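J.: Supplied structure: data_21.tsv, TSV, C-alpha atoms and all ligand atoms.
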```tsv
chain	number	residue	atom	x	y	z
U	1	MET	CA	0.00	0.00	0.00
U	2	GLU	CA	1.32	3.44	-0.89
U	3	VAL	CA	0.67	6.29	1.54
U	4	ILE	CA	0.94	9.91	0.41
U	5	ILE	CA	0.74	12.67	3.01
U	6	CYS	CA	-0.25	16.07	1.58
U	7	PRO	CA	-0.22	19.51	3.21
U	8	ASP	CA	-3.95	20.19	2.73
U	9	GLU	CA	-7.25	19.11	1.19
U	10	ASP	CA	-6.57	20.67	-2.22
U	11	ALA	CA	-3.25	18.88	-2.45
U	12	VAL	CA	-5.00	15.60	-1.55
U	13	GLY	CA	-7.45	16.23	-4.40
U	14	ARG	CA	-4.69	17.02	-6.90
U	15	ALA	CA	-2.67	13.95	-5.91
U	16	ALA	CA	-5.72	11.70	-6.20
U	17	ALA	CA	-6.65	13.18	-9.59
U	18	ALA	CA	-3.07	12.67	-10.77
U	19	ARG	CA	-3.18	9.03	-9.73
U	20	VAL	CA	-6.51	8.47	-11.47
U	21	ALA	CA	-5.32	10.28	-14.61
U	22	HIS	CA	-2.13	8.19	-14.60
U	23	VAL	CA	-4.14	4.95	-14.56
U	24	ILE	CA	-6.41	6.23	-17.33
U	25	ALA	CA	-3.42	7.24	-19.48
U	26	SER	CA	-2.03	3.71	-19.18
U	27	LEU	CA	-5.18	2.22	-20.77
U	28	ASN	CA	-5.71	2.11	-24.49
U	29	ARG	CA	-9.47	2.24	-24.11
U	30	PRO	CA	-12.06	4.29	-22.24
U	31	PRO	CA	-11.76	3.78	-18.47
U	32	VAL	CA	-14.23	2.23	-16.06
U	33	LEU	CA	-14.21	4.41	-12.96
U	34	GLY	CA	-15.44	3.56	-9.45
U	35	VAL	CA	-16.76	6.68	-7.74
U	36	ALA	CA	-17.53	7.56	-4.14
U	37	THR	CA	-19.88	10.20	-2.73
U	38	GLY	CA	-19.44	12.21	0.47
U	39	SER	CA	-17.13	15.14	1.16
U	40	SER	CA	-13.78	13.38	0.84
U	41	PRO	CA	-13.50	13.00	-2.96
U	42	LEU	CA	-14.87	16.46	-3.88
U	43	ALA	CA	-11.43	18.06	-4.27
U	44	ALA	CA	-10.36	15.12	-6.45
U	45	TYR	CA	-13.43	15.55	-8.69
U	46	ALA	CA	-12.71	19.27	-8.97
U	47	ALA	CA	-9.09	18.54	-9.96
U	48	LEU	CA	-10.21	15.90	-12.49
U	49	ALA	CA	-12.75	18.33	-13.97
U	50	ALA	CA	-9.99	20.94	-14.35
U	51	LEU	CA	-7.85	18.38	-16.24
U	52	VAL	CA	-10.76	17.58	-18.56
U	53	ARG	CA	-11.40	21.30	-19.22
U	54	ALA	CA	-7.70	21.85	-19.94
U	55	GLY	CA	-7.78	19.00	-22.48
U	56	ARG	CA	-5.29	16.98	-20.42
U	57	LEU	CA	-7.66	14.14	-19.59
U	58	ASP	CA	-9.92	12.42	-22.10
U	59	LEU	CA	-12.95	10.75	-20.60
U	60	THR	CA	-14.72	10.08	-23.89
U	61	GLY	CA	-16.54	6.77	-23.58
U	62	ALA	CA	-15.71	6.44	-19.88
U	63	SER	CA	-18.14	4.63	-17.64
U	64	ALA	CA	-18.56	4.97	-13.89
U	65	PHE	CA	-20.02	2.89	-11.09
U	66	ALA	CA	-20.97	4.45	-7.76
U	67	LEU	CA	-20.04	2.62	-4.59
U	68	ASP	CA	-23.41	2.79	-2.92
U	69	GLU	CA	-26.93	4.19	-2.66
U	70	TYR	CA	-29.45	4.68	0.13
U	71	VAL	CA	-32.47	2.39	0.07
U	72	GLY	CA	-35.85	4.07	-0.16
U	73	LEU	CA	-35.10	7.73	-0.95
U	74	PRO	CA	-37.53	8.92	-3.63
U	75	GLU	CA	-36.10	9.30	-7.13
U	76	GLY	CA	-34.59	12.76	-7.55
U	77	HIS	CA	-34.09	13.27	-3.78
U	78	PRO	CA	-31.15	15.70	-3.55
U	79	GLU	CA	-29.29	13.43	-1.11
U	80	SER	CA	-29.80	10.24	-3.10
U	81	TYR	CA	-26.41	9.18	-4.36
U	82	ALA	CA	-27.79	9.08	-7.91
U	83	GLU	CA	-28.32	12.85	-7.63
U	84	VAL	CA	-25.04	13.48	-5.78
U	85	ILE	CA	-23.08	11.57	-8.44
U	86	ARG	CA	-24.88	13.47	-11.20
U	87	LYS	CA	-23.96	16.83	-9.65
U	88	THR	CA	-20.41	16.07	-8.47
U	89	VAL	CA	-19.18	13.57	-11.06
U	90	THR	CA	-21.28	13.12	-14.22
U	91	GLU	CA	-21.79	16.79	-15.04
U	92	PRO	CA	-18.42	18.27	-14.02
U	93	LEU	CA	-16.47	15.48	-15.74
U	94	GLY	CA	-18.72	15.55	-18.81
U	95	LEU	CA	-19.55	11.83	-18.59
U	96	ASP	CA	-22.35	10.31	-20.64
U	97	PRO	CA	-25.16	9.80	-18.06
U	98	ARG	CA	-26.09	6.52	-19.79
U	99	ARG	CA	-22.71	5.15	-18.78
U	100	VAL	CA	-22.94	6.23	-15.14
U	101	HIS	CA	-24.39	3.58	-12.84
U	102	VAL	CA	-25.69	3.79	-9.28
U	103	PRO	CA	-27.23	0.85	-7.39
U	104	ASP	CA	-31.04	0.98	-7.56
U	105	GLY	CA	-32.12	1.97	-4.05
U	106	ASN	CA	-35.78	1.73	-5.03
U	107	ALA	CA	-35.71	-1.73	-6.55
U	108	ALA	CA	-38.67	-3.92	-5.62
U	109	ASP	CA	-36.19	-6.76	-5.18
U	110	PRO	CA	-32.99	-5.27	-3.67
U	111	PRO	CA	-30.97	-8.54	-3.66
U	112	ALA	CA	-31.72	-8.94	-7.39
U	113	ALA	CA	-30.70	-5.30	-7.97
U	114	ALA	CA	-27.43	-6.00	-6.13
U	115	GLU	CA	-26.74	-9.02	-8.30
U	116	ALA	CA	-27.55	-7.02	-11.44
U	117	TYR	CA	-25.09	-4.32	-10.31
U	118	GLU	CA	-22.29	-6.86	-9.94
U	119	ALA	CA	-23.13	-8.24	-13.38
U	120	ALA	CA	-23.05	-4.73	-14.91
U	121	ILE	CA	-19.57	-4.09	-13.45
U	122	GLU	CA	-18.37	-7.39	-14.85
U	123	GLN	CA	-19.93	-6.69	-18.22
U	124	ALA	CA	-18.13	-3.33	-18.36
U	125	GLY	CA	-14.84	-5.22	-17.91
U	126	GLY	CA	-14.32	-4.48	-14.20
U	127	ILE	CA	-13.35	-1.26	-12.47
U	128	ASP	CA	-9.99	0.21	-13.53
U	129	VAL	CA	-9.67	2.69	-10.71
U	130	GLN	CA	-11.87	2.95	-7.62
U	131	LEU	CA	-11.99	6.20	-5.66
U	132	LEU	CA	-12.81	5.75	-1.97
U	133	GLY	CA	-13.38	7.74	1.18
U	134	VAL	CA	-13.36	6.22	4.65
U	135	GLY	CA	-15.88	6.56	7.45
U	136	ALA	CA	-14.76	7.49	10.96
U	137	ASN	CA	-15.58	3.88	11.90
U	138	GLY	CA	-13.35	2.52	9.14
U	139	HIS	CA	-16.08	1.70	6.62
U	140	ILE	CA	-15.41	1.89	2.88
U	141	GLY	CA	-18.43	2.02	0.63
U	142	PHE	CA	-21.09	1.37	3.24
U	143	ASN	CA	-19.37	-1.79	4.46
U	144	GLU	CA	-19.78	-1.24	8.16
U	145	PRO	CA	-17.62	-2.93	10.81
U	146	THR	CA	-17.99	-6.76	10.75
U	147	SER	CA	-18.71	-6.74	7.00
U	148	SER	CA	-17.44	-9.88	5.32
U	149	LEU	CA	-14.05	-9.22	3.77
U	150	SER	CA	-15.10	-10.97	0.56
U	151	SER	CA	-18.63	-9.53	0.36
U	152	ARG	CA	-20.23	-8.47	-2.91
U	153	THR	CA	-22.86	-5.80	-3.61
U	154	ARG	CA	-25.74	-6.26	-1.18
U	155	VAL	CA	-28.08	-4.53	1.25
U	156	LYS	CA	-26.47	-3.31	4.49
U	157	THR	CA	-27.86	-1.65	7.60
U	158	LEU	CA	-26.11	1.64	8.33
U	159	SER	CA	-24.54	1.94	11.78
U	160	ALA	CA	-25.73	4.60	14.22
U	161	ARG	CA	-22.33	6.31	13.80
U	162	THR	CA	-22.66	6.51	10.01
U	163	ARG	CA	-26.25	7.77	10.22
U	164	ALA	CA	-25.14	10.45	12.70
U	165	ASP	CA	-22.16	11.43	10.51
U	166	ASN	CA	-24.37	11.72	7.42
U	167	ALA	CA	-27.17	13.60	9.20
U	168	ARG	CA	-25.40	16.83	8.15
U	169	PHE	CA	-26.69	16.30	4.62
U	170	PHE	CA	-30.35	15.95	5.70
U	171	ASP	CA	-32.86	18.32	7.35
U	172	SER	CA	-33.03	16.09	10.43
U	173	PRO	CA	-31.14	12.97	11.64
U	174	GLU	CA	-34.30	10.81	11.42
U	175	GLN	CA	-34.40	11.36	7.66
U	176	VAL	CA	-31.16	9.42	7.11
U	177	PRO	CA	-32.20	6.02	5.72
U	178	HIS	CA	-31.38	2.90	7.72
U	179	HIS	CA	-30.44	0.79	4.74
U	180	CYS	CA	-28.25	1.01	1.67
U	181	LEU	CA	-27.05	-0.99	-1.28
U	182	THR	CA	-23.26	-1.05	-1.35
U	183	GLN	CA	-20.50	-2.64	-3.34
U	184	GLY	CA	-18.94	-5.28	-1.13
U	185	LEU	CA	-15.38	-5.40	0.14
U	186	GLY	CA	-14.75	-8.21	-2.36
U	187	THR	CA	-16.12	-5.99	-5.15
U	188	ILE	CA	-13.76	-3.18	-4.11
U	189	LEU	CA	-10.85	-5.64	-3.92
U	190	ALA	CA	-11.53	-6.69	-7.50
U	191	SER	CA	-10.86	-3.16	-8.82
U	192	ARG	CA	-7.48	-2.87	-10.57
U	193	HIS	CA	-6.42	0.23	-8.63
U	194	ALA	CA	-7.87	1.77	-5.48
U	195	VAL	CA	-7.30	5.38	-4.41
U	196	LEU	CA	-8.57	6.30	-0.94
U	197	VAL	CA	-8.65	9.92	0.18
U	198	ALA	CA	-9.15	11.21	3.73
U	199	GLN	CA	-8.94	14.64	5.26
U	200	GLY	CA	-9.43	16.00	8.76
U	201	ALA	CA	-8.82	14.93	12.34
U	202	ALA	CA	-12.03	12.86	12.54
U	203	LYS	CA	-10.45	10.37	10.09
U	204	ALA	CA	-7.04	10.01	11.79
U	205	ARG	CA	-7.92	6.88	13.79
U	206	ALA	CA	-9.59	5.12	10.87
U	207	VAL	CA	-6.66	5.94	8.57
U	208	ALA	CA	-4.11	4.51	11.04
U	209	ALA	CA	-6.26	1.40	11.58
U	210	LEU	CA	-6.72	0.72	7.89
U	211	VAL	CA	-3.08	1.30	6.91
U	212	GLU	CA	-1.25	-0.08	9.93
U	213	GLY	CA	-3.75	-2.00	12.03
U	214	PRO	CA	-4.51	-5.68	11.78
U	215	LEU	CA	-6.52	-6.89	8.80
U	216	SER	CA	-9.91	-7.07	10.46
U	217	ALA	CA	-13.61	-6.82	9.65
U	218	MET	CA	-13.76	-4.40	12.61
U	219	CYS	CA	-11.99	-1.91	10.32
U	220	PRO	CA	-13.40	-2.78	6.87
U	221	GLY	CA	-10.96	-0.39	5.14
U	222	SER	CA	-8.09	-2.60	6.31
U	223	VAL	CA	-9.09	-4.99	3.49
U	224	LEU	CA	-7.11	-2.62	1.24
U	225	GLN	CA	-4.00	-4.25	2.74
U	226	LEU	CA	-4.93	-7.15	0.42
U	227	HIS	CA	-5.46	-4.92	-2.63
U	228	ARG	CA	-3.02	-5.34	-5.51
U	229	SER	CA	-2.62	-1.57	-6.01
U	230	ALA	CA	-3.92	0.65	-3.22
U	231	THR	CA	-2.93	4.28	-2.68
U	232	VAL	CA	-4.00	6.15	0.46
U	233	ILE	CA	-3.79	9.94	0.15
U	234	VAL	CA	-4.33	11.98	3.32
U	235	ASP	CA	-3.75	15.45	4.67
U	236	GLU	CA	-1.48	16.12	7.65
U	237	VAL	CA	-4.22	15.94	10.28
U	238	ALA	CA	-5.68	12.70	8.95
U	239	ALA	CA	-2.10	11.31	9.02
U	240	ALA	CA	-1.58	12.28	12.66
U	241	GLU	CA	-1.93	8.76	14.08
U	242	LEU	CA	0.22	6.95	11.50
U	243	ALA	CA	3.15	5.35	13.32
U	244	LEU	CA	5.27	5.22	10.14
U	245	ALA	CA	4.42	8.70	8.78
U	246	ASP	CA	8.10	9.64	8.49
U	247	TYR	CA	8.79	6.51	6.46
U	248	TYR	CA	5.92	7.34	4.05
U	249	ARG	CA	7.30	10.87	3.62
U	250	GLU	CA	10.78	9.47	3.01
U	251	ILE	CA	9.39	7.16	0.31
U	252	GLN	CA	7.65	10.07	-1.47
U	253	ARG	CA	10.78	12.28	-1.28
U	254	ASN	CA	12.84	9.55	-2.95
U	255	LEU	CA	10.30	8.26	-5.44
U	256	PRO	CA	11.97	6.98	-8.63
U	257	ALA	CA	11.01	9.06	-11.69
U	258	TRP	CA	9.06	6.18	-13.26
U	259	GLN	CA	6.79	6.02	-10.23
U	260	ARG	CA	5.85	9.71	-10.13
U	261	THR	CA	2.33	10.76	-11.05
U	262	GLU	CA	2.27	14.47	-10.13
U	263	ILE	CA	0.34	16.91	-12.31
W	301	LIG	C1	-19.64	7.19	-0.03
W	301	LIG	C2	-19.03	6.11	0.74
W	301	LIG	C3	-18.55	6.30	2.13
W	301	LIG	C4	-17.83	7.63	2.36
W	301	LIG	C5	-17.44	7.76	3.83
W	301	LIG	C6	-16.77	9.08	4.11
W	301	LIG	O1	-20.01	6.74	-1.31
W	301	LIG	O2	-18.97	5.06	0.22
W	301	LIG	O3	-17.67	5.24	2.45
W	301	LIG	O4	-16.70	7.69	1.54
W	301	LIG	O5	-18.58	7.65	4.63
W	301	LIG	O6	-17.68	10.10	3.91
W	301	LIG	P1	-17.20	11.62	3.87
W	301	LIG	O7	-16.29	11.70	2.70
W	301	LIG	O8	-18.44	12.42	3.67
W	301	LIG	O9	-16.50	11.88	5.15
```
Show me the file's structure as structure tokens.
T.:
Amino acid sequence: MEVIICPDEDAVGRAAAARVAHVIASLNRPPVLGVATGSSPLAAYAALAALVRAGRLDLTGASAFALDEYVGLPEGHPESYAEVIRKTVTEPLGLDPRRVHVPDGNAADPPAAAEAYEAAIEQAGGIDVQLLGVGANGHIGFNEPTSSLSSRTRVKTLSARTRADNARFFDSPEQVPHHCLTQGLGTILASRHAVLVAQGAAKARAVAALVEGPLSAMCPGSVLQLHRSATVIVDEVAAAELALADYYREIQRNLPAWQRTEI
């Protein structure tokens, strides 16, 4: 796992965009992106949108798969992840909405919708690069603590901590749905590259647990220790509890030219 410590949120966003753009440039076909919602990836989306506008990143024909969706929010609800992805990813990056997929949180048969989502990812050829945030409790996607490390897209019950954390997006805490459809940890592990971003002191414990703690379903993000190509990009405060922070800085200072992805 590669750990990059950046001075601030904007630098985290630029570093994540650079990593994503680097993966895309290495493909000789349109990319399949995995996209997260929430506050963490917003700076990365802004940096990616700037690259597209500057003509330095070509997303023609790209497809995207969201990590998760609330169950039961009415279609068009501003906090449904379908809407959030449209506003923060599809439109700014100029993606074709027909190629942007979000799990169907209103499906009459949610397990069937989950299975169909997995099939759609497979049919697209798998996810080339998956952007991730992390919850304060270590979740990635909405895989809450004790999620199976090999799980696939399915319905999960949100923890009280996650519902409280996400209440800021709703008019009142009771409006946060109890259930979601989320890509599983096994689905995330199957992506070819994973880029996790985290900013702020509230994430410091989760970041240390996922990078340096034991591989454990109690910190679902720690499954990235098994990922073939995982990059964790954090700001200084989110890095505060990393025991080997100096080592990660040393690695970045001495990165061989062929491994650099700055923009
Ligand atoms: C969102 C998602 C979640 C968030 C996490 C952090 O699609 O899958 O894992 O990435 O809850 O949320 P923020 O970034 O709002 O702190």
J.: Give me, as an MDAnalysis selection string, all polymer residues having an atom no more than 12 Å from stretch 83-85 of chain U, counting all atoms listed in the file and skipping those fewer than 4 positions away in the same chain.
T.: chainID U and resid 34:39 41:42 45 64:70 73:79 89:95 97 100:103 169
J.: Suppose we keep C-alpha atoms; can you now write the selection as a PDB file, in the frame of the given file?
T.:
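Printed below is selection.pdb as written:
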```pdb
ATOM      1  CA  GLY U  34     -15.440   3.560  -9.450  1.00  0.00           C
ATOM      2  CA  VAL U  35     -16.760   6.680  -7.740  1.00  0.00           C
ATOM      3  CA  ALA U  36     -17.530   7.560  -4.140  1.00  0.00           C
ATOM      4  CA  THR U  37     -19.880  10.200  -2.730  1.00  0.00           C
ATOM      5  CA  GLY U  38     -19.440  12.210   0.470  1.00  0.00           C
ATOM      6  CA  SER U  39     -17.130  15.140   1.160  1.00  0.00           C
ATOM      7  CA  PRO U  41     -13.500  13.000  -2.960  1.00  0.00           C
ATOM      8  CA  LEU U  42     -14.870  16.460  -3.880  1.00  0.00           C
ATOM      9  CA  TYR U  45     -13.430  15.550  -8.690  1.00  0.00           C
ATOM     10  CA  ALA U  64     -18.560   4.970 -13.890  1.00  0.00           C
ATOM     11  CA  PHE U  65     -20.020   2.890 -11.090  1.00  0.00           C
ATOM     12  CA  ALA U  66     -20.970   4.450  -7.760  1.00  0.00           C
ATOM     13  CA  LEU U  67     -20.040   2.620  -4.590  1.00  0.00           C
ATOM     14  CA  ASP U  68     -23.410   2.790  -2.920  1.00  0.00           C
ATOM     15  CA  GLU U  69     -26.930   4.190  -2.660  1.00  0.00           C
ATOM     16  CA  TYR U  70     -29.450   4.680   0.130  1.00  0.00           C
ATOM     17  CA  LEU U  73     -35.100   7.730  -0.950  1.00  0.00           C
ATOM     18  CA  PRO U  74     -37.530   8.920  -3.630  1.00  0.00           C
ATOM     19  CA  GLU U  75     -36.100   9.300  -7.130  1.00  0.00           C
ATOM     20  CA  GLY U  76     -34.590  12.760  -7.550  1.00  0.00           C
ATOM     21  CA  HIS U  77     -34.090  13.270  -3.780  1.00  0.00           C
ATOM     22  CA  PRO U  78     -31.150  15.700  -3.550  1.00  0.00           C
ATOM     23  CA  GLU U  79     -29.290  13.430  -1.110  1.00  0.00           C
ATOM     24  CA  VAL U  89     -19.180  13.570 -11.060  1.00  0.00           C
ATOM     25  CA  THR U  90     -21.280  13.120 -14.220  1.00  0.00           C
ATOM     26  CA  GLU U  91     -21.790  16.790 -15.040  1.00  0.00           C
ATOM     27  CA  PRO U  92     -18.420  18.270 -14.020  1.00  0.00           C
ATOM     28  CA  LEU U  93     -16.470  15.480 -15.740  1.00  0.00           C
ATOM     29  CA  GLY U  94     -18.720  15.550 -18.810  1.00  0.00           C
ATOM     30  CA  LEU U  95     -19.550  11.830 -18.590  1.00  0.00           C
ATOM     31  CA  PRO U  97     -25.160   9.800 -18.060  1.00  0.00           C
ATOM     32  CA  VAL U 100     -22.940   6.230 -15.140  1.00  0.00           C
ATOM     33  CA  HIS U 101     -24.390   3.580 -12.840  1.00  0.00           C
ATOM     34  CA  VAL U 102     -25.690   3.790  -9.280  1.00  0.00           C
ATOM     35  CA  PRO U 103     -27.230   0.850  -7.390  1.00  0.00           C
ATOM     36  CA  PHE U 169     -26.690  16.300   4.620  1.00  0.00           C
TER      37      PHE U 169
END
```
J.: Taking only C-alpha atoms and all ligand atoms into account, which of U:Val155, U:Val134, U:Ala243, U:Ala167 comes nearest ligand LIG 301 (chain W)?
T.: U:Val134
J.: What separation in Å, quoted to one decimal, exists between atom CA of U:Leu255 and atom CA of U:Ala21?
T.: 18.2 Å
J.: May I ask for the distance between atom CA of U:Cys219 and atom CA of U:Pro145, given in Å to one decimal place?
T.: 5.7 Å
J.: Pick from U:Val234, U:Leu196, U:Val223, U:Ala217: nearest to U:Gln130, with all atoms listed in the file counted?
T.: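 Answer, going by the shortest atom-to-atom distance: U:Leu196.
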J.: For stretch 179-181 of chain U, work out the shell of residues within 12 Å, counting only C-alpha atoms and skipping chain neighbours fewer than 5 positions away, then give it as a VMD selection string.
T.: chain U and resid 66 to 73 80 to 81 102 to 107 109 to 118 141 to 144 152 to 160 162 to 163
J.: Go ahead and compute the interatomic distance for atom CA of U:Ser148 and atom CA of U:Leu226, in Å to one decimal.
T.: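 According to the coordinates, atom CA of U:Ser148 and atom CA of U:Leu226 are separated by 13.7 Å.
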J.: Kindly indicate which residue among U:Asp8, U:Asp165, U:Asp58, U:Asp128 lies nearest to ligand LIG 301 (chain W), using all atoms listed in the file for the distances.
T.: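 So, comparing all the options, the nearest one is U:Asp165.
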J.: Would you kindly return, as a PyMOL selection string, each protein, DNA or RNA residue with an atom no farther than 8 Å from any atom of U:Leu210, considering all atoms listed in the file and excluding same-chain residues fewer than 6 positions away?
T.: chain U and resi 138+219-225
J.: Which residue is closest to ligand LIG 301 (chain W)? Choose from U:Thr231, U:Thr88, U:Gln199, U:Thr146 and count all atoms listed in the file.
T.: U:Gln199
J.: With distances taken over only C-alpha atoms and all ligand atoms, which residue among U:Ala209, U:Val20, U:Ala201, U:Leu132 lies nearest ligand LIG 301 (chain W)?
T.: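 Closest candidate: U:Leu132.
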J.: Would you mind telling me which residue in U:Pro177, U:Gly133, U:Gly13, U:Pro256 lies nearest to ligand LIG 301 (chain W) when using all atoms listed in the file?
T.: U:Gly133
J.: Take the point (-14.1, 5.2, -16.8) as written in the file and pick out every residue within 6 Å of it, counting all atoms listed in the file; give the list as a compact mmCIF listing (two decimals) with C-alpha atoms, keeping the file's coordinate frame.
T.:
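The result, written out as result34.txt:
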```txt
# COMPACT_ATOMS: atom_id res chain seq x y z
CA PRO U 30 -12.06 4.29 -22.24
CA PRO U 31 -11.76 3.78 -18.47
CA VAL U 32 -14.23 2.23 -16.06
CA LEU U 33 -14.21 4.41 -12.96
CA ALA U 62 -15.71 6.44 -19.88
CA SER U 63 -18.14 4.63 -17.64
CA ALA U 64 -18.56 4.97 -13.89
```
J.: Could you pull stretch 156-164 of chain U out of the block above and give me all heavy atoms, as a CSV table (one decimal), in the first residue's frame?
T.:
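decode.csv, written as the output of this step:
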```csv
chain,number,residue,atom,x,y,z
U,156,LYS,N,-27.1,-3.4,3.2
U,156,LYS,CA,-26.5,-3.3,4.5
U,156,LYS,C,-27.3,-2.4,5.3
U,156,LYS,O,-28.0,-1.5,4.8
U,156,LYS,CB,-25.1,-2.7,4.4
U,156,LYS,CG,-24.0,-3.7,3.9
U,156,LYS,CD,-23.7,-4.9,4.8
U,156,LYS,CE,-23.0,-4.5,6.1
U,156,LYS,NZ,-22.7,-5.7,6.9
U,157,THR,N,-27.2,-2.6,6.7
U,157,THR,CA,-27.9,-1.7,7.6
U,157,THR,C,-26.8,-0.7,8.0
U,157,THR,O,-25.7,-1.1,8.5
U,157,THR,CB,-28.4,-2.4,8.8
U,157,THR,OG1,-29.3,-3.4,8.4
U,157,THR,CG2,-29.1,-1.5,9.8
U,158,LEU,N,-27.1,0.6,7.9
U,158,LEU,CA,-26.1,1.6,8.3
U,158,LEU,C,-26.0,1.7,9.9
U,158,LEU,O,-27.0,1.5,10.6
U,158,LEU,CB,-26.6,3.0,7.8
U,158,LEU,CG,-26.6,3.2,6.3
U,158,LEU,CD1,-27.2,4.5,5.9
U,158,LEU,CD2,-25.2,3.0,5.7
U,159,SER,N,-24.8,1.9,10.3
U,159,SER,CA,-24.5,1.9,11.8
U,159,SER,C,-25.0,3.3,12.3
U,159,SER,O,-25.2,4.3,11.5
U,159,SER,CB,-23.1,1.8,12.1
U,159,SER,OG,-22.4,2.9,11.6
U,160,ALA,N,-25.3,3.3,13.6
U,160,ALA,CA,-25.7,4.6,14.2
U,160,ALA,C,-24.7,5.7,14.0
U,160,ALA,O,-25.0,6.9,13.7
U,160,ALA,CB,-25.9,4.4,15.7
U,161,ARG,N,-23.4,5.3,14.0
U,161,ARG,CA,-22.3,6.3,13.8
U,161,ARG,C,-22.4,6.9,12.4
U,161,ARG,O,-22.3,8.1,12.2
U,161,ARG,CB,-21.0,5.6,14.0
U,161,ARG,CG,-19.7,6.5,13.7
U,161,ARG,CD,-19.6,7.6,14.7
U,161,ARG,NE,-18.8,8.7,14.3
U,161,ARG,CZ,-17.6,9.0,14.6
U,161,ARG,NH1,-17.0,8.2,15.5
U,161,ARG,NH2,-17.0,10.0,14.2
U,162,THR,N,-22.6,6.0,11.4
U,162,THR,CA,-22.7,6.5,10.0
U,162,THR,C,-23.9,7.4,9.8
U,162,THR,O,-23.8,8.4,9.2
U,162,THR,CB,-22.7,5.3,9.0
U,162,THR,OG1,-21.4,4.6,9.2
U,162,THR,CG2,-22.8,5.7,7.6
U,163,ARG,N,-25.0,7.0,10.4
U,163,ARG,CA,-26.2,7.8,10.2
U,163,ARG,C,-26.1,9.1,10.9
U,163,ARG,O,-26.5,10.2,10.3
U,163,ARG,CB,-27.5,7.1,10.8
U,163,ARG,CG,-27.9,5.8,9.9
U,163,ARG,CD,-29.2,5.2,10.4
U,163,ARG,NE,-30.3,6.0,10.2
U,163,ARG,CZ,-31.1,6.5,11.1
U,163,ARG,NH1,-30.9,6.1,12.4
U,163,ARG,NH2,-32.1,7.3,10.8
U,164,ALA,N,-25.4,9.2,12.0
U,164,ALA,CA,-25.1,10.5,12.7
U,164,ALA,C,-24.2,11.3,11.9
U,164,ALA,O,-24.4,12.5,11.7
U,164,ALA,CB,-24.6,10.2,14.1
```
